[in-house]
Amino acid sequence: MLFYTKRSDSKAKEMLSACAKRLLWLLVWMAAVMASPFIWLKSLRRPKSLPRIRNPLLLQSATTLAQKIRTQQVSSEEVMRAVIARTKEVQPQLNCVVDERYEDALKEAQQVDQMIRSGVKTVEQMEQETPFLGVPFSVKESIAVQGLSNTSGQKLHAPKIASQDAHTVTLVRAAGGIPFVVTNTPELCMCYETDNNNTGRTNNPYDLRRSPGGSSGGEAALLASAGSVVGLASDVGGSARLPAAFTGIFGHKPSPGFVSNEGHCPSSSDPNWDRFFSVALMGRYAEDLAPTLKVMAGGNAPALNLDRKVDLKGMRICYVEDDGGVFTRTLNPEVKSALRKAVNHLEKSCGVKAEKLCIDELKDIFEIASTILLKMNGVECMFQAEPGSKEWKSVTWEWVRYFACMSDYTFPPLLYGMLKRVADRVSEEDFREMVAANQRIKTIFKEKLGEHGVVLFPSFVEPALLHREIYYKFLNVSYLVTFNATEMPVTNCPVAISSQGLPIGIQVAANPLQDRLTIAVAQELERAFGGWTPPPADQKETV
């Protein structure tokens, strides 16, 4: 953010900016050199894999389960017992669940089954009115579920229990869904590693030594291990898409303004917050994305035309392999290969020649997006003198407490406080130019993609990282923050498994209101490349 340089600046200032960027890169590189040997040594011993997925109900989509429940091919109680059993089975190794309502969820499932058996509604009525009748769903702990923990990963002196459901939870419940757990998140959702001082660290189901990403890492880990069917998450800088990429599932950030953010912690009173931040959705199967989004959008859903059939023929396909940023590392060869295979497949499916985009402004997108976010006021954090207050406590004093091992807070939220102070010192002139550069990127995408085009991006430069690696690789998130800054809908799609057995995801984005395009392409890529692949099972486990 301090290193962004306007095109009109002098050559000397441009050189200073380049030197400042290189200095930051060097500092991060030095941190990597010092930390990576310890991280590598801790990862030498490979832990056990997860138990096998035994119940076939766990391998079915929410759409399929809903259809089977309302036609009495399977009961809601059977499905609920299956996901609860699987969640309990994987929780000791993943540490992905924060709080649960198993007993209440089972009672609600039994009530669903009784209602279906009574015949008071036809199958058609149930499909129309409650498309997810009897289907379990999980929720990121930062999204309020009445009666369950809602600390957003904070270590508080007293438990914080949600007094009512977030608006999206209310809508999914009204569609027949049954919440049964809330899942782990880093403190105040401010890290790409899901770890906090309250409930601890979540592990990746494909390799327990690795991170599921963040901040929706608990949700991603549970879904990828078949412990849940579909989930509600959130995305402020790739917070749903990075975990989806690291765990091999689908994650969709909707067009801003169509899904309510009410009931999420942290929130913000800043008028720009809802343009950058979105409650998002995650799932193992692409066919669940559109119906789930339709429910979550409520009365706003008609504007998204999610029921309109998408014809892939003639769709404009663009892609980006390198944003040109100083901070962004070269793509891992397997990630680049997966992206190119996806592009090549879509060229054949759509009958078009894909266009490789080289957008000069993207080289500054990390600074642009970071500054736009950090400039927002009223974001809930530990430095507020009172909840919702614009007055802050001393950032310096809390850092002193942290280094004296007296602070209750983790490093990332403390870093936010320091970076917020820095961002607030960016001049209005420089900030206006950043906003203008961001607008130029939006305009380029608008012209290139129109109303029938998508752009493919890497989700991250490499597959899932070892725990704590993100602390010196966080500068590589520019591919993710691009679509928060440009306010575009975007879907992470699992398209490959690396030579190390780790999922590889790519992003499919479109212009605002064109969520149906990214979802349609996600379904096509799932058909071509297989979509979600179950995590490796423990080979020593007895059958």
# chains A, B, ... in the order shown; residues from 1 in each chain; ligands from 1

call {"tool": "residues_around", "arguments": {"residues": "stretch 230-234 of chain A", "least_positions_apart": "5", "cutoff": "6 Å", "atoms": "only C-alpha atoms", "output": "NGL selection string"}}
result
:A and (137-140 or 216 or 240 or 278-283)

call {"tool": "residues_around", "arguments": {"residues": "A:Thr199", "least_positions_apart": "3", "cutoff": "10 Å", "atoms": "only C-alpha atoms", "output": "list in words"}}
result
Asn95, Cys96, Val97, Val98, Gly153, Gln154, Lys155, Asn184, Thr185, Pro186, Glu187, Thr194, Asp195, Asn196 and Thr202 of chain A

call {"tool": "closest_residue", "arguments": {"among": "A:Pro92, A:Gly299, A:Pro494, A:Pro212", "to": "A:Gly531", "atoms": "only C-alpha atoms"}}
result
A:Pro494

call {"tool": "select_by_dssp", "arguments": {"residues": "stretch 133-335 of chain A", "states": "helix (DSSP H, G or I)", "output": "PyMOL selection string"}}
result
chain A and resi 167-174+187-189+217-224+241-247+273-276+286-304+333-335

call {"tool": "residues_around", "arguments": {"residues": "A:Asn492", "least_positions_apart": "3", "cutoff": "10 Å", "atoms": "only C-alpha atoms", "output": "PDB file with N, CA, C and O atoms, in the first residue's frame"}}
result
ATOM      1  N   GLY A 238     -10.363 -13.767  -0.341  1.00  0.00           N
ATOM      2  CA  GLY A 238     -10.109 -15.152  -0.719  1.00  0.00           C
ATOM      3  C   GLY A 238     -10.361 -16.103   0.418  1.00  0.00           C
ATOM      4  O   GLY A 238     -10.004 -17.294   0.353  1.00  0.00           O
ATOM      5  N   ALA A 240     -12.813 -17.764   1.488  1.00  0.00           N
ATOM      6  CA  ALA A 240     -13.525 -19.009   1.174  1.00  0.00           C
ATOM      7  C   ALA A 240     -12.819 -19.764   0.059  1.00  0.00           C
ATOM      8  O   ALA A 240     -12.808 -20.992   0.035  1.00  0.00           O
ATOM      9  N   ARG A 241     -12.225 -19.033  -0.879  1.00  0.00           N
ATOM     10  CA  ARG A 241     -11.633 -19.678  -2.064  1.00  0.00           C
ATOM     11  C   ARG A 241     -10.282 -20.335  -1.789  1.00  0.00           C
ATOM     12  O   ARG A 241      -9.988 -21.403  -2.334  1.00  0.00           O
ATOM     13  N   LEU A 242      -9.444 -19.735  -0.952  1.00  0.00           N
ATOM     14  CA  LEU A 242      -8.159 -20.376  -0.642  1.00  0.00           C
ATOM     15  C   LEU A 242      -8.376 -21.699   0.098  1.00  0.00           C
ATOM     16  O   LEU A 242      -7.799 -22.723  -0.296  1.00  0.00           O
ATOM     17  N   PRO A 243      -9.202 -21.749   1.158  1.00  0.00           N
ATOM     18  CA  PRO A 243      -9.477 -23.046   1.787  1.00  0.00           C
ATOM     19  C   PRO A 243     -10.094 -24.052   0.826  1.00  0.00           C
ATOM     20  O   PRO A 243      -9.780 -25.244   0.878  1.00  0.00           O
ATOM     21  N   ALA A 244     -10.982 -23.582  -0.063  1.00  0.00           N
ATOM     22  CA  ALA A 244     -11.570 -24.495  -1.048  1.00  0.00           C
ATOM     23  C   ALA A 244     -10.498 -25.065  -1.960  1.00  0.00           C
ATOM     24  O   ALA A 244     -10.507 -26.257  -2.288  1.00  0.00           O
ATOM     25  N   ALA A 245      -9.548 -24.229  -2.370  1.00  0.00           N
ATOM     26  CA  ALA A 245      -8.454 -24.687  -3.235  1.00  0.00           C
ATOM     27  C   ALA A 245      -7.546 -25.671  -2.502  1.00  0.00           C
ATOM     28  O   ALA A 245      -7.133 -26.687  -3.065  1.00  0.00           O
ATOM     29  N   GLY A 248      -9.663 -29.016  -2.036  1.00  0.00           N
ATOM     30  CA  GLY A 248     -10.243 -29.701  -3.187  1.00  0.00           C
ATOM     31  C   GLY A 248     -11.754 -29.656  -3.303  1.00  0.00           C
ATOM     32  O   GLY A 248     -12.352 -30.595  -3.826  1.00  0.00           O
ATOM     33  N   ILE A 249     -12.385 -28.579  -2.828  1.00  0.00           N
ATOM     34  CA  ILE A 249     -13.833 -28.447  -2.951  1.00  0.00           C
ATOM     35  C   ILE A 249     -14.170 -27.180  -3.727  1.00  0.00           C
ATOM     36  O   ILE A 249     -13.282 -26.423  -4.126  1.00  0.00           O
ATOM     37  N   PHE A 250     -15.461 -26.935  -3.930  1.00  0.00           N
ATOM     38  CA  PHE A 250     -15.910 -25.723  -4.605  1.00  0.00           C
ATOM     39  C   PHE A 250     -16.190 -24.635  -3.573  1.00  0.00           C
ATOM     40  O   PHE A 250     -16.747 -24.906  -2.504  1.00  0.00           O
ATOM     41  N   GLY A 251     -15.783 -23.417  -3.900  1.00  0.00           N
ATOM     42  CA  GLY A 251     -16.075 -22.271  -3.047  1.00  0.00           C
ATOM     43  C   GLY A 251     -16.498 -21.112  -3.927  1.00  0.00           C
ATOM     44  O   GLY A 251     -15.789 -20.782  -4.885  1.00  0.00           O
ATOM     45  N   HIS A 252     -17.639 -20.508  -3.620  1.00  0.00           N
ATOM     46  CA  HIS A 252     -18.164 -19.430  -4.480  1.00  0.00           C
ATOM     47  C   HIS A 252     -18.347 -18.140  -3.696  1.00  0.00           C
ATOM     48  O   HIS A 252     -19.042 -18.117  -2.682  1.00  0.00           O
ATOM     49  N   LYS A 253     -17.712 -17.070  -4.186  1.00  0.00           N
ATOM     50  CA  LYS A 253     -17.953 -15.716  -3.671  1.00  0.00           C
ATOM     51  C   LYS A 253     -18.966 -15.050  -4.584  1.00  0.00           C
ATOM     52  O   LYS A 253     -18.690 -14.832  -5.757  1.00  0.00           O
ATOM     53  N   MET A 282     -19.794 -23.039   0.193  1.00  0.00           N
ATOM     54  CA  MET A 282     -18.823 -24.079  -0.121  1.00  0.00           C
ATOM     55  C   MET A 282     -19.538 -25.416  -0.247  1.00  0.00           C
ATOM     56  O   MET A 282     -20.567 -25.644   0.390  1.00  0.00           O
ATOM     57  N   LEU A 456     -10.216 -17.217 -16.238  1.00  0.00           N
ATOM     58  CA  LEU A 456      -9.641 -18.221 -15.349  1.00  0.00           C
ATOM     59  C   LEU A 456      -8.355 -17.686 -14.738  1.00  0.00           C
ATOM     60  O   LEU A 456      -7.497 -17.135 -15.453  1.00  0.00           O
ATOM     61  N   PHE A 457      -8.224 -17.833 -13.443  1.00  0.00           N
ATOM     62  CA  PHE A 457      -7.060 -17.396 -12.673  1.00  0.00           C
ATOM     63  C   PHE A 457      -6.561 -18.560 -11.831  1.00  0.00           C
ATOM     64  O   PHE A 457      -7.357 -19.429 -11.437  1.00  0.00           O
ATOM     65  N   PRO A 458      -5.288 -18.574 -11.460  1.00  0.00           N
ATOM     66  CA  PRO A 458      -4.871 -19.502 -10.399  1.00  0.00           C
ATOM     67  C   PRO A 458      -5.575 -19.101  -9.099  1.00  0.00           C
ATOM     68  O   PRO A 458      -5.917 -17.928  -8.912  1.00  0.00           O
ATOM     69  N   SER A 459      -5.803 -20.044  -8.211  1.00  0.00           N
ATOM     70  CA  SER A 459      -6.297 -19.698  -6.881  1.00  0.00           C
ATOM     71  C   SER A 459      -5.132 -19.312  -5.985  1.00  0.00           C
ATOM     72  O   SER A 459      -5.221 -18.374  -5.194  1.00  0.00           O
ATOM     73  N   LEU A 480      -6.253 -13.919  -5.446  1.00  0.00           N
ATOM     74  CA  LEU A 480      -7.504 -14.017  -4.699  1.00  0.00           C
ATOM     75  C   LEU A 480      -8.147 -12.651  -4.489  1.00  0.00           C
ATOM     76  O   LEU A 480      -9.342 -12.462  -4.742  1.00  0.00           O
ATOM     77  N   VAL A 495      -9.484 -29.032  -9.880  1.00  0.00           N
ATOM     78  CA  VAL A 495      -9.275 -29.566 -11.232  1.00  0.00           C
ATOM     79  C   VAL A 495      -8.165 -30.603 -11.315  1.00  0.00           C
ATOM     80  O   VAL A 495      -7.981 -31.230 -12.367  1.00  0.00           O
ATOM     81  N   ILE A 504      -5.514 -29.218  -6.349  1.00  0.00           N
ATOM     82  CA  ILE A 504      -5.159 -27.981  -7.054  1.00  0.00           C
ATOM     83  C   ILE A 504      -6.450 -27.340  -7.538  1.00  0.00           C
ATOM     84  O   ILE A 504      -7.271 -27.996  -8.192  1.00  0.00           O
ATOM     85  N   GLY A 505      -6.631 -26.079  -7.193  1.00  0.00           N
ATOM     86  CA  GLY A 505      -7.828 -25.367  -7.610  1.00  0.00           C
ATOM     87  C   GLY A 505      -7.509 -24.199  -8.506  1.00  0.00           C
ATOM     88  O   GLY A 505      -6.410 -23.632  -8.448  1.00  0.00           O
ATOM     89  N   ILE A 506      -8.463 -23.842  -9.356  1.00  0.00           N
ATOM     90  CA  ILE A 506      -8.356 -22.619 -10.153  1.00  0.00           C
ATOM     91  C   ILE A 506      -9.642 -21.818  -9.967  1.00  0.00           C
ATOM     92  O   ILE A 506     -10.675 -22.366  -9.579  1.00  0.00           O
ATOM     93  N   GLN A 507      -9.554 -20.524 -10.237  1.00  0.00           N
ATOM     94  CA  GLN A 507     -10.710 -19.652 -10.100  1.00  0.00           C
ATOM     95  C   GLN A 507     -11.346 -19.366 -11.455  1.00  0.00           C
ATOM     96  O   GLN A 507     -10.637 -19.195 -12.448  1.00  0.00           O
ATOM     97  N   VAL A 508     -12.664 -19.304 -11.460  1.00  0.00           N
ATOM     98  CA  VAL A 508     -13.425 -18.894 -12.637  1.00  0.00           C
ATOM     99  C   VAL A 508     -14.246 -17.682 -12.221  1.00  0.00           C
ATOM    100  O   VAL A 508     -15.088 -17.772 -11.326  1.00  0.00           O
ATOM    101  N   ALA A 509     -13.995 -16.534 -12.853  1.00  0.00           N
ATOM    102  CA  ALA A 509     -14.671 -15.291 -12.493  1.00  0.00           C
ATOM    103  C   ALA A 509     -15.426 -14.735 -13.695  1.00  0.00           C
ATOM    104  O   ALA A 509     -15.106 -15.033 -14.851  1.00  0.00           O
ATOM    105  N   THR A 518     -20.030 -18.543 -13.936  1.00  0.00           N
ATOM    106  CA  THR A 518     -18.915 -19.200 -13.231  1.00  0.00           C
ATOM    107  C   THR A 518     -19.351 -20.568 -12.712  1.00  0.00           C
ATOM    108  O   THR A 518     -18.566 -21.517 -12.706  1.00  0.00           O
ATOM    109  N   ILE A 519     -20.610 -20.666 -12.276  1.00  0.00           N
ATOM    110  CA  ILE A 519     -21.119 -21.943 -11.765  1.00  0.00           C
ATOM    111  C   ILE A 519     -21.275 -22.952 -12.894  1.00  0.00           C
ATOM    112  O   ILE A 519     -20.957 -24.142 -12.740  1.00  0.00           O
ATOM    113  N   ALA A 522     -17.933 -24.184 -13.676  1.00  0.00           N
ATOM    114  CA  ALA A 522     -17.519 -25.094 -12.592  1.00  0.00           C
ATOM    115  C   ALA A 522     -18.098 -26.485 -12.813  1.00  0.00           C
ATOM    116  O   ALA A 522     -17.407 -27.501 -12.631  1.00  0.00           O
TER     117      ALA A 522
END

call {"tool": "atom_distance", "arguments": {"atom1": "atom CA of A:Lys336", "atom2": "atom CA of A:Tyr206"}}
result
20.7 Å

call {"tool": "closest_atom_pairs", "arguments": {"of": "stretch 204-240 of chain A", "to": "stretch 35-50 of chain A", "cutoff": "7 Å", "atoms": "only C-alpha atoms", "output": "Markdown table"}}
result
| residue | atom | partner | partner_atom | distance |
| --- | --- | --- | --- | --- |
| A:Pro205 | CA | A:Leu50 | CA | 6.8 |
| A:Leu208 | CA | A:Pro47 | CA | 6.5 |
| A:Arg209 | CA | A:Ser43 | CA | 6.0 |

call {"tool": "atom_distance", "arguments": {"atom1": "atom CA of A:Thr330", "atom2": "atom CA of A:Arg210"}}
result
20.8 Å

call {"tool": "atom_distance", "arguments": {"atom1": "atom CA of A:Phe276", "atom2": "atom CA of A:Asn484"}}
result
5.1 Å

call {"tool": "residues_around", "arguments": {"residues": "A:Gly453", "least_positions_apart": "6", "cutoff": "12 Å", "atoms": "only C-alpha atoms", "output": "PyMOL selection string"}}
result
chain A and resi 310-319+346+350+352+354-355+445-447+508-512+514-518+520-521

call {"tool": "write_last_selection", "arguments": {"atoms": "N, CA, C and O atoms", "output": "compact mmCIF listing (two decimals), in the first residue's frame"}}
result
# COMPACT_ATOMS: atom_id res chain seq x y z
N VAL A 310 -27.31 -22.04 -19.17
CA VAL A 310 -26.12 -21.42 -19.75
C VAL A 310 -25.61 -22.29 -20.90
O VAL A 310 -25.33 -23.48 -20.72
N ASP A 311 -25.51 -21.69 -22.06
CA ASP A 311 -24.95 -22.37 -23.24
C ASP A 311 -23.47 -22.03 -23.33
O ASP A 311 -23.09 -20.87 -23.52
N LEU A 312 -22.63 -23.04 -23.16
CA LEU A 312 -21.18 -22.80 -23.18
C LEU A 312 -20.67 -22.47 -24.58
O LEU A 312 -19.59 -21.86 -24.72
N LYS A 313 -21.41 -22.85 -25.60
CA LYS A 313 -20.95 -22.60 -26.96
C LYS A 313 -20.83 -21.10 -27.21
O LYS A 313 -21.76 -20.33 -26.96
N GLY A 314 -19.68 -20.70 -27.67
CA GLY A 314 -19.46 -19.30 -27.98
C GLY A 314 -19.09 -18.43 -26.79
O GLY A 314 -18.88 -17.22 -26.94
N MET A 315 -19.03 -19.03 -25.60
CA MET A 315 -18.65 -18.25 -24.41
C MET A 315 -17.22 -17.74 -24.55
O MET A 315 -16.32 -18.47 -24.99
N ARG A 316 -17.00 -16.49 -24.23
CA ARG A 316 -15.65 -15.93 -24.30
C ARG A 316 -14.84 -16.46 -23.12
O ARG A 316 -15.25 -16.37 -21.96
N ILE A 317 -13.67 -17.01 -23.40
CA ILE A 317 -12.78 -17.57 -22.39
C ILE A 317 -11.48 -16.78 -22.36
O ILE A 317 -10.78 -16.67 -23.37
N CYS A 318 -11.16 -16.20 -21.21
CA CYS A 318 -9.89 -15.51 -21.00
C CYS A 318 -9.17 -16.17 -19.83
O CYS A 318 -9.79 -16.88 -19.03
N TYR A 319 -7.89 -15.93 -19.74
CA TYR A 319 -7.16 -16.49 -18.60
C TYR A 319 -5.94 -15.63 -18.29
O TYR A 319 -5.44 -14.88 -19.15
N LEU A 346 -11.90 -25.97 -22.05
CA LEU A 346 -12.98 -25.02 -22.32
C LEU A 346 -12.93 -24.51 -23.76
O LEU A 346 -13.99 -24.21 -24.34
N CYS A 350 -16.34 -24.91 -25.66
CA CYS A 350 -17.02 -23.68 -26.07
C CYS A 350 -16.82 -23.36 -27.55
O CYS A 350 -17.48 -22.47 -28.08
N VAL A 352 -14.17 -21.99 -28.94
CA VAL A 352 -13.55 -20.67 -29.11
C VAL A 352 -12.06 -20.78 -28.82
O VAL A 352 -11.58 -21.79 -28.28
N ALA A 354 -9.21 -19.30 -26.53
CA ALA A 354 -9.06 -18.53 -25.29
C ALA A 354 -8.05 -17.40 -25.47
O ALA A 354 -7.08 -17.52 -26.23
N GLU A 355 -8.28 -16.31 -24.77
CA GLU A 355 -7.39 -15.15 -24.85
C GLU A 355 -6.60 -15.01 -23.55
O GLU A 355 -7.18 -14.95 -22.47
N PHE A 445 -12.06 -5.88 -17.55
CA PHE A 445 -12.82 -7.13 -17.42
C PHE A 445 -14.22 -6.97 -18.02
O PHE A 445 -14.72 -7.89 -18.70
N LYS A 446 -14.85 -5.84 -17.77
CA LYS A 446 -16.20 -5.61 -18.29
C LYS A 446 -16.21 -5.69 -19.82
O LYS A 446 -17.09 -6.31 -20.43
N GLU A 447 -15.21 -5.08 -20.44
CA GLU A 447 -15.15 -5.06 -21.91
C GLU A 447 -14.75 -6.41 -22.47
O GLU A 447 -15.27 -6.85 -23.50
N VAL A 508 -12.66 -19.30 -11.46
CA VAL A 508 -13.43 -18.89 -12.64
C VAL A 508 -14.25 -17.68 -12.22
O VAL A 508 -15.09 -17.77 -11.33
N ALA A 509 -13.99 -16.53 -12.85
CA ALA A 509 -14.67 -15.29 -12.49
C ALA A 509 -15.43 -14.74 -13.70
O ALA A 509 -15.11 -15.03 -14.85
N ALA A 510 -16.42 -13.92 -13.39
CA ALA A 510 -17.20 -13.26 -14.45
C ALA A 510 -17.58 -11.87 -13.97
O ALA A 510 -17.30 -11.49 -12.82
N ASN A 511 -18.20 -11.10 -14.83
CA ASN A 511 -18.63 -9.76 -14.46
C ASN A 511 -19.78 -9.83 -13.44
O ASN A 511 -20.45 -10.86 -13.33
N PRO A 512 -20.00 -8.77 -12.67
CA PRO A 512 -21.07 -8.76 -11.68
C PRO A 512 -22.41 -9.19 -12.26
O PRO A 512 -22.73 -8.90 -13.42
N GLN A 514 -23.20 -12.16 -13.04
CA GLN A 514 -23.05 -13.33 -13.92
C GLN A 514 -22.57 -14.56 -13.16
O GLN A 514 -21.82 -15.39 -13.68
N ASP A 515 -23.03 -14.71 -11.92
CA ASP A 515 -22.67 -15.89 -11.11
C ASP A 515 -22.99 -17.19 -11.83
O ASP A 515 -22.26 -18.18 -11.71
N ARG A 516 -24.09 -17.19 -12.56
CA ARG A 516 -24.51 -18.42 -13.24
C ARG A 516 -23.47 -18.90 -14.25
O ARG A 516 -23.35 -20.10 -14.51
N LEU A 517 -22.67 -17.97 -14.81
CA LEU A 517 -21.63 -18.36 -15.76
C LEU A 517 -20.49 -19.09 -15.06
O LEU A 517 -20.02 -20.13 -15.54
N THR A 518 -20.03 -18.54 -13.94
CA THR A 518 -18.91 -19.20 -13.23
C THR A 518 -19.35 -20.57 -12.71
O THR A 518 -18.57 -21.52 -12.71
N ALA A 520 -21.75 -22.50 -14.05
CA ALA A 520 -21.88 -23.40 -15.20
C ALA A 520 -20.53 -23.94 -15.65
O ALA A 520 -20.38 -25.13 -15.97
N VAL A 521 -19.52 -23.07 -15.65
CA VAL A 521 -18.17 -23.51 -16.01
C VAL A 521 -17.63 -24.46 -14.94
O VAL A 521 -16.95 -25.45 -15.26

call {"tool": "residues_around", "arguments": {"residues": "A:Arg86", "least_positions_apart": "5", "cutoff": "9 Å", "atoms": "only C-alpha atoms", "output": "VMD selection string"}}
result
chain A and resid 53 55 58 81 91 225 to 228

call {"tool": "closest_residue", "arguments": {"among": "A:Asn476, A:Thr122, A:Thr87, A:Thr64", "to": "A:Tyr192", "atoms": "only C-alpha atoms"}}
result
A:Asn476

call {"tool": "closest_residue", "arguments": {"among": "A:Ala158, A:Val145, A:Leu94, A:Ala485", "to": "A:Asn272", "atoms": "only C-alpha atoms"}}
result
A:Ala485

call {"tool": "residues_around", "arguments": {"residues": "A:Val259", "least_positions_apart": "6", "cutoff": "9 Å", "atoms": "only C-alpha atoms", "output": "VMD selection string"}}
result
chain A and resid 167 to 168 278 to 280 293 296 to 298 300 to 301

call {"tool": "write_last_selection", "arguments": {"atoms": "N, CA and C atoms", "output": "tab-separated table (two decimals), in the first residue's frame"}}
result
chain	number	residue	atom	x	y	z
A	167	HIS	N	-28.83	-13.80	8.83
A	167	HIS	CA	-29.90	-13.80	7.83
A	167	HIS	C	-29.77	-14.99	6.87
A	168	THR	N	-28.55	-15.30	6.45
A	168	THR	CA	-28.38	-16.42	5.52
A	168	THR	C	-28.74	-17.75	6.16
A	278	SER	N	-18.12	-10.69	1.39
A	278	SER	CA	-19.33	-11.45	1.04
A	278	SER	C	-19.44	-12.70	1.90
A	279	VAL	N	-20.64	-12.97	2.41
A	279	VAL	CA	-20.94	-14.31	2.91
A	279	VAL	C	-20.93	-15.22	1.68
A	280	ALA	N	-20.25	-16.35	1.78
A	280	ALA	CA	-20.00	-17.22	0.62
A	280	ALA	C	-20.53	-18.62	0.89
A	293	LEU	N	-27.00	-20.91	-3.61
A	293	LEU	CA	-26.91	-19.46	-3.79
A	293	LEU	C	-28.30	-18.85	-3.95
A	296	MET	N	-29.69	-18.53	-0.52
A	296	MET	CA	-28.98	-17.52	0.26
A	296	MET	C	-29.30	-16.11	-0.19
A	297	ALA	N	-29.57	-15.92	-1.47
A	297	ALA	CA	-29.87	-14.59	-2.00
A	297	ALA	C	-31.28	-14.15	-1.68
A	298	GLY	N	-32.15	-15.07	-1.34
A	298	GLY	CA	-33.51	-14.72	-0.96
A	298	GLY	C	-34.23	-13.93	-2.02
A	300	ASN	N	-33.34	-11.36	-3.52
A	300	ASN	CA	-32.45	-10.82	-4.55
A	300	ASN	C	-32.12	-11.84	-5.64
A	301	ALA	N	-32.52	-13.09	-5.43
A	301	ALA	CA	-32.13	-14.16	-6.35
A	301	ALA	C	-32.58	-13.95	-7.80

call {"tool": "closest_residue", "arguments": {"among": "A:Leu106, A:Ala175, A:Leu513, A:Tyr416", "to": "A:Gln128", "atoms": "only C-alpha atoms"}}
result
A:Ala175

call {"tool": "residues_around", "arguments": {"residues": "A:Gly530", "least_positions_apart": "2", "cutoff": "9 Å", "atoms": "only C-alpha atoms", "output": "CSV table (one decimal) with N, CA, C and O atoms, in the first residue's frame"}}
result
chain,number,residue,atom,x,y,z
A,494,PRO,N,-11.9,-27.4,-8.1
A,494,PRO,CA,-10.9,-28.4,-8.0
A,494,PRO,C,-10.7,-29.1,-9.4
A,494,PRO,O,-11.7,-29.6,-9.9
A,495,VAL,N,-9.5,-29.0,-9.9
A,495,VAL,CA,-9.3,-29.6,-11.2
A,495,VAL,C,-8.2,-30.6,-11.3
A,495,VAL,O,-8.0,-31.2,-12.4
A,496,ALA,N,-7.4,-30.8,-10.2
A,496,ALA,CA,-6.3,-31.8,-10.3
A,496,ALA,C,-5.8,-32.1,-8.9
A,496,ALA,O,-6.2,-31.5,-7.9
A,525,LEU,N,-16.1,-28.1,-15.7
A,525,LEU,CA,-14.8,-28.6,-15.2
A,525,LEU,C,-14.9,-29.8,-14.3
A,525,LEU,O,-14.1,-30.7,-14.3
A,526,GLU,N,-16.0,-29.9,-13.5
A,526,GLU,CA,-16.2,-31.0,-12.6
A,526,GLU,C,-16.4,-32.3,-13.5
A,526,GLU,O,-15.9,-33.3,-13.2
A,527,ARG,N,-17.2,-32.1,-14.5
A,527,ARG,CA,-17.5,-33.2,-15.4
A,527,ARG,C,-16.2,-33.7,-16.1
A,527,ARG,O,-16.0,-34.9,-16.3
A,528,ALA,N,-15.4,-32.7,-16.5
A,528,ALA,CA,-14.2,-33.1,-17.3
A,528,ALA,C,-13.0,-33.6,-16.4
A,528,ALA,O,-12.3,-34.6,-16.8
A,532,TRP,N,-14.3,-33.0,-6.7
A,532,TRP,CA,-13.8,-33.4,-5.4
A,532,TRP,C,-13.3,-34.9,-5.4
A,532,TRP,O,-14.0,-35.8,-5.9
A,533,THR,N,-12.1,-35.1,-4.9
A,533,THR,CA,-11.6,-36.4,-4.7
A,533,THR,C,-11.4,-36.7,-3.2
A,533,THR,O,-10.8,-35.9,-2.5

call {"tool": "closest_residue", "arguments": {"among": "A:Ala404, A:Val112, A:Ala144, A:Met126", "to": "A:Ala162", "atoms": "only C-alpha atoms"}}
result
A:Ala144

call {"tool": "select_by_dssp", "arguments": {"residues": "stretch 360-466 of chain A", "states": "strand (DSSP E)", "output": "list in words"}}
result
Gly453, Val454, Val455, Leu456, Phe457 and Pro458 of chain A

call {"tool": "closest_residue", "arguments": {"among": "A:Thr183, A:Thr71, A:Gln146, A:Ser76", "to": "A:Gly200", "atoms": "only C-alpha atoms"}}
result
A:Thr183
